[in-house]
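Q: Shown below is the structure under consideration.
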Protein chains: 2
Amino acid sequence: MPKIIAPTLSQYSRDALSLLGALIREARLANRLTTSELATRAGISRGLLQRIERGDAGCAIGAVFEVAAIVGVPLFEMDERLLSARLARQAEKIALLPKSVRAPRKAVKDDF
Amino acid sequence: MPKIIAPTLSQYSRDALSLLGALIREARLANRLTTSELATRAGISRGLLQRIERGDAGCAIGAVFEVAAIVGVPLFEMDERLLSARLARQAEKIALLPKSVRAPRKAVKDDF
DNA sequence: GCAAAATGATTCATAAACGAGTCACATGAC
DNA sequence: GTCATGTGACTCGTTTATGAATCATTTTGC
């Protein structure tokens, strides 16, 4: 991430990142996993896991969420079932509000 | 993010990402902010905000958290004050944790 | 005590995210 | 109808994160 450096982020965001990293580290130790083991399970490198546990703002959110999921750190304070359900309800809400369903611009070559 | 592509991420993580993006979009609309406005406030580009709302796993977590904080999507279901407090307590826990936690590798539930 | 393992912190090449710009299409105002 | 605005999607060049490898230090196990 080019622009979001430490001083650019709000204190709240930095705290949230630090907390999430600490929670992940806690959960990893509680599960008796080494950094290498957890990194392998998550499909990432050990260095990236260290940055995640440090609360680095530049880490890909997908990697962070995956690690959190593996060690059992709850995202949004909801378990797997609730998350899926809420996702479905959210999709409905979105479908109702804006009427913008745009198909990907694909060239149609049957113009004659 | 080289490795974490869609098929690599667990369903849970992808759901969490989609949900977070949807929540951010909801909150942005509720605040009557355009994508350009919110992106400017967060110090990111409009394209990145679109990827965030889409739930793209490759987005930097700092950017996502910052946007979420701006529009008021709660991270970890806690407000700013509680977050700081919990961060402090978490730091204490880490410091107090037993340093000897190396035991026969225990299985961890990662099959979701 | 010693050896093995885990961790933290580097460095570097490569792959990928990011920002800027553009276009098409939709919506709303007039 | 026209015009302005908002949005999704795309491309391209630059900037950055990531993975791999290495090393020093600490910690665990024996």
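Residues in the structure tokens are named by chain (A, B, ... in the order shown) and by number from 1 within that chain; ligands are numbered from 1 in the order shown.
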Report as a tab-separated table: every residue of chain D with an atom at most 12 Å from region 34-37 of chain B, its closest pair of atoms, and their distance in Å to one decimal, counting only C-alpha atoms (C1' of nucleotides), with rows sorted by chain and ascending residue number.
A:
residue	atom	partner	partner_atom	distance
D:DT5	C1'	B:Thr34	CA	10.1
D:DG6	C1'	B:Thr34	CA	7.2
D:DT7	C1'	B:Thr35	CA	8.1
D:DG8	C1'	B:Thr35	CA	11.3
Q: Could you work out which residues of chain D fall inside 10 Å of chain B? Count only C-alpha atoms (C1' of nucleotides), and format the result as an mmCIF file with N, CA and C atoms (P, O5', C5', C4', C3', O3' and C1' of nucleotides), in the first residue's frame.
A:
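Written output follows (out03.cif):
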data_model
loop_
_atom_site.group_PDB
_atom_site.id
_atom_site.type_symbol
_atom_site.label_atom_id
_atom_site.label_comp_id
_atom_site.auth_asym_id
_atom_site.auth_seq_id
_atom_site.Cartn_x
_atom_site.Cartn_y
_atom_site.Cartn_z
ATOM 1 P P DG D 6 -21.637 13.329 -7.420
ATOM 2 O "O5'" DG D 6 -21.894 11.765 -7.553
ATOM 3 C "C5'" DG D 6 -23.225 11.267 -7.430
ATOM 4 C "C4'" DG D 6 -23.263 9.792 -7.776
ATOM 5 C "C3'" DG D 6 -22.057 9.004 -7.246
ATOM 6 O "O3'" DG D 6 -22.512 7.825 -6.589
ATOM 7 C "C1'" DG D 6 -22.303 8.655 -9.576
ATOM 8 P P DT D 7 -21.491 6.905 -5.794
ATOM 9 O "O5'" DT D 7 -21.277 5.688 -6.802
ATOM 10 C "C5'" DT D 7 -22.423 5.047 -7.358
ATOM 11 C "C4'" DT D 7 -22.015 4.186 -8.537
ATOM 12 C "C3'" DT D 7 -20.826 3.256 -8.254
ATOM 13 O "O3'" DT D 7 -21.293 1.913 -8.230
ATOM 14 C "C1'" DT D 7 -20.703 4.273 -10.406
ATOM 15 P P DG D 8 -20.332 0.769 -7.669
ATOM 16 O "O5'" DG D 8 -19.888 0.000 -8.992
ATOM 17 C "C5'" DG D 8 -20.881 -0.495 -9.860
ATOM 18 C "C4'" DG D 8 -20.252 -0.948 -11.162
ATOM 19 C "C3'" DG D 8 -19.037 -1.858 -10.976
ATOM 20 O "O3'" DG D 8 -19.187 -3.003 -11.802
ATOM 21 C "C1'" DG D 8 -18.488 -0.014 -12.370
ATOM 22 P P DA D 9 -18.117 -4.180 -11.721
ATOM 23 O "O5'" DA D 9 -17.144 -3.800 -12.923
ATOM 24 C "C5'" DA D 9 -17.693 -3.636 -14.223
ATOM 25 C "C4'" DA D 9 -16.593 -3.201 -15.189
ATOM 26 C "C3'" DA D 9 -15.279 -3.976 -15.032
ATOM 27 O "O3'" DA D 9 -14.868 -4.478 -16.285
ATOM 28 C "C1'" DA D 9 -14.888 -1.656 -15.046
ATOM 29 P P DA D 17 4.324 -1.707 1.631
ATOM 30 O "O5'" DA D 17 3.818 -3.195 1.366
ATOM 31 C "C5'" DA D 17 2.493 -3.401 0.931
ATOM 32 C "C4'" DA D 17 2.334 -4.811 0.388
ATOM 33 C "C3'" DA D 17 2.632 -5.904 1.390
ATOM 34 O "O3'" DA D 17 1.689 -6.953 1.229
ATOM 35 C "C1'" DA D 17 4.118 -6.067 -0.452
ATOM 36 P P DT D 18 1.626 -8.113 2.315
ATOM 37 O "O5'" DT D 18 2.453 -9.296 1.644
ATOM 38 C "C5'" DT D 18 2.047 -9.782 0.363
ATOM 39 C "C4'" DT D 18 3.107 -10.692 -0.214
ATOM 40 C "C3'" DT D 18 3.621 -11.769 0.749
ATOM 41 O "O3'" DT D 18 3.258 -13.047 0.270
ATOM 42 C "C1'" DT D 18 5.405 -10.731 -0.450
ATOM 43 P P DG D 19 3.491 -14.356 1.171
ATOM 44 O "O5'" DG D 19 4.802 -14.994 0.527
ATOM 45 C "C5'" DG D 19 4.847 -15.221 -0.869
ATOM 46 C "C4'" DG D 19 6.220 -15.721 -1.282
ATOM 47 C "C3'" DG D 19 6.790 -16.849 -0.414
ATOM 48 O "O3'" DG D 19 7.439 -17.796 -1.250
ATOM 49 C "C1'" DG D 19 8.261 -14.998 -0.379
ATOM 50 P P DT D 27 14.416 -15.656 26.414
ATOM 51 O "O5'" DT D 27 13.857 -17.111 26.077
ATOM 52 C "C5'" DT D 27 12.884 -17.252 25.042
ATOM 53 C "C4'" DT D 27 12.697 -18.718 24.693
ATOM 54 C "C3'" DT D 27 12.518 -19.643 25.902
ATOM 55 O "O3'" DT D 27 11.381 -20.446 25.706
ATOM 56 C "C1'" DT D 27 14.164 -20.500 24.447
ATOM 57 P P DT D 28 10.643 -21.135 26.971
ATOM 58 O "O5'" DT D 28 10.686 -22.673 26.559
ATOM 59 C "C5'" DT D 28 10.209 -23.062 25.262
ATOM 60 C "C4'" DT D 28 10.947 -24.288 24.778
ATOM 61 C "C3'" DT D 28 10.842 -25.500 25.720
ATOM 62 O "O3'" DT D 28 10.102 -26.526 25.080
ATOM 63 C "C1'" DT D 28 13.054 -25.189 24.883
ATOM 64 P P DG D 29 9.582 -27.773 25.904
ATOM 65 O "O5'" DG D 29 10.710 -28.866 25.628
ATOM 66 C "C5'" DG D 29 11.041 -29.205 24.282
ATOM 67 C "C4'" DG D 29 12.210 -30.174 24.250
ATOM 68 C "C3'" DG D 29 12.134 -31.289 25.299
ATOM 69 O "O3'" DG D 29 12.457 -32.540 24.696
ATOM 70 C "C1'" DG D 29 14.185 -30.107 25.499
#
Q: Considering only C-alpha atoms (C1' of nucleotides), extract the chain C residues located within 7 Å of chain B and return them as a VMD selection string.
A: chain C and resid 15 to 16 19
Q: Residues of the last selection are to be written out with C-alpha atoms (C1' of nucleotides), as a CSV table (one decimal), in the first residue's frame.
A:
chain,number,residue,atom,x,y,z
C,15,DA,C1',4.8,-10.5,-8.2
C,16,DA,C1',1.1,-7.7,-7.1
C,19,DG,C1',-3.2,5.6,-8.1
Q: Quick one: residues within 10 Å of Ala42 (chain A), only C-alpha atoms (C1' of nucleotides), excluding same-chain residues fewer than 3 positions away - as a list in words?
A: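 In the requested format, the answer is Ser36, Glu37, Leu38, Ala39, Ser45, Arg46, Leu49, Ala63, Val64, Phe65, Glu66, Val67, Ala68, Ala69, Ile70 and Val71 of chain A; Ile4, Thr8, Leu9, Ser10 and Asp110 of chain B.
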Q: May I have the selected residues written with N, CA and C atoms, as a PDB file, in the first residue's frame?
A:
ATOM      1  N   SER A  36       5.975 -20.756  11.994  1.00  0.00           N
ATOM      2  CA  SER A  36       6.113 -21.480  10.732  1.00  0.00           C
ATOM      3  C   SER A  36       4.893 -22.346  10.451  1.00  0.00           C
ATOM      4  N   GLU A  37       4.429 -23.032  11.480  1.00  0.00           N
ATOM      5  CA  GLU A  37       3.277 -23.905  11.286  1.00  0.00           C
ATOM      6  C   GLU A  37       2.048 -23.116  10.869  1.00  0.00           C
ATOM      7  N   LEU A  38       1.785 -22.049  11.595  1.00  0.00           N
ATOM      8  CA  LEU A  38       0.597 -21.259  11.283  1.00  0.00           C
ATOM      9  C   LEU A  38       0.703 -20.630   9.900  1.00  0.00           C
ATOM     10  N   ALA A  39       1.890 -20.147   9.590  1.00  0.00           N
ATOM     11  CA  ALA A  39       2.085 -19.544   8.278  1.00  0.00           C
ATOM     12  C   ALA A  39       1.825 -20.553   7.172  1.00  0.00           C
ATOM     13  N   SER A  45       3.916 -16.707   4.134  1.00  0.00           N
ATOM     14  CA  SER A  45       5.277 -16.872   4.640  1.00  0.00           C
ATOM     15  C   SER A  45       5.345 -16.493   6.120  1.00  0.00           C
ATOM     16  N   ARG A  46       6.395 -16.958   6.761  1.00  0.00           N
ATOM     17  CA  ARG A  46       6.563 -16.644   8.174  1.00  0.00           C
ATOM     18  C   ARG A  46       6.756 -15.151   8.392  1.00  0.00           C
ATOM     19  N   LEU A  49       3.446 -13.437   8.450  1.00  0.00           N
ATOM     20  CA  LEU A  49       2.743 -13.680   9.708  1.00  0.00           C
ATOM     21  C   LEU A  49       3.296 -12.795  10.814  1.00  0.00           C
ATOM     22  N   ALA A  63      -5.043 -12.200   3.905  1.00  0.00           N
ATOM     23  CA  ALA A  63      -4.095 -12.986   4.686  1.00  0.00           C
ATOM     24  C   ALA A  63      -4.395 -12.855   6.172  1.00  0.00           C
ATOM     25  N   VAL A  64      -4.694 -11.660   6.607  1.00  0.00           N
ATOM     26  CA  VAL A  64      -4.969 -11.437   8.029  1.00  0.00           C
ATOM     27  C   VAL A  64      -6.218 -12.191   8.456  1.00  0.00           C
ATOM     28  N   PHE A  65      -7.264 -12.075   7.667  1.00  0.00           N
ATOM     29  CA  PHE A  65      -8.515 -12.751   8.018  1.00  0.00           C
ATOM     30  C   PHE A  65      -8.338 -14.259   8.021  1.00  0.00           C
ATOM     31  N   GLU A  66      -7.546 -14.750   7.072  1.00  0.00           N
ATOM     32  CA  GLU A  66      -7.337 -16.197   7.008  1.00  0.00           C
ATOM     33  C   GLU A  66      -6.631 -16.698   8.260  1.00  0.00           C
ATOM     34  N   VAL A  67      -5.602 -15.991   8.645  1.00  0.00           N
ATOM     35  CA  VAL A  67      -4.880 -16.390   9.858  1.00  0.00           C
ATOM     36  C   VAL A  67      -5.800 -16.317  11.068  1.00  0.00           C
ATOM     37  N   ALA A  68      -6.555 -15.242  11.161  1.00  0.00           N
ATOM     38  CA  ALA A  68      -7.469 -15.082  12.294  1.00  0.00           C
ATOM     39  C   ALA A  68      -8.472 -16.227  12.336  1.00  0.00           C
ATOM     40  N   ALA A  69      -8.941 -16.604  11.158  1.00  0.00           N
ATOM     41  CA  ALA A  69      -9.933 -17.674  11.101  1.00  0.00           C
ATOM     42  C   ALA A  69      -9.322 -18.995  11.557  1.00  0.00           C
ATOM     43  N   ILE A  70      -8.095 -19.244  11.159  1.00  0.00           N
ATOM     44  CA  ILE A  70      -7.457 -20.516  11.493  1.00  0.00           C
ATOM     45  C   ILE A  70      -7.258 -20.666  12.993  1.00  0.00           C
ATOM     46  N   VAL A  71      -6.785 -19.610  13.620  1.00  0.00           N
ATOM     47  CA  VAL A  71      -6.521 -19.708  15.056  1.00  0.00           C
ATOM     48  C   VAL A  71      -7.772 -19.432  15.883  1.00  0.00           C
TER      49      VAL A  71
ATOM     50  N   ILE B   4      -2.364 -15.252  -1.782  1.00  0.00           N
ATOM     51  CA  ILE B   4      -3.745 -15.356  -1.332  1.00  0.00           C
ATOM     52  C   ILE B   4      -4.695 -14.956  -2.452  1.00  0.00           C
ATOM     53  N   THR B   8      -7.704 -19.875  -2.671  1.00  0.00           N
ATOM     54  CA  THR B   8      -6.838 -20.211  -1.541  1.00  0.00           C
ATOM     55  C   THR B   8      -7.487 -19.844  -0.215  1.00  0.00           C
ATOM     56  N   LEU B   9      -8.331 -18.829  -0.231  1.00  0.00           N
ATOM     57  CA  LEU B   9      -8.955 -18.370   0.999  1.00  0.00           C
ATOM     58  C   LEU B   9     -10.092 -19.298   1.414  1.00  0.00           C
ATOM     59  N   SER B  10     -10.258 -19.435   2.699  1.00  0.00           N
ATOM     60  CA  SER B  10     -11.368 -20.231   3.205  1.00  0.00           C
ATOM     61  C   SER B  10     -12.684 -19.505   2.936  1.00  0.00           C
ATOM     62  N   ASP B 110      -8.979 -26.467  11.638  1.00  0.00           N
ATOM     63  CA  ASP B 110      -8.821 -25.530  10.530  1.00  0.00           C
ATOM     64  C   ASP B 110      -9.661 -25.982   9.349  1.00  0.00           C
TER      65      ASP B 110
END
Q: Between B:Val73, B:Ile52, B:Leu19, B:Ile24, single out the one closest to chain A, counting only C-alpha atoms.
A: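 Once distances to chain A are computed over only C-alpha atoms, the minimum belongs to B:Leu19.
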Q: One number please: CA of Arg25 (chain B) to C1' of DA4 (chain D), in Å, one decimal.
A: 23.2 Å
Q: A:Pro74, A:Gly43, A:Gly62, A:Gly21: which is nearest chain B, counting only C-alpha atoms?
A: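 Of the candidates, the smallest distance to chain B is held by A:Gly62.
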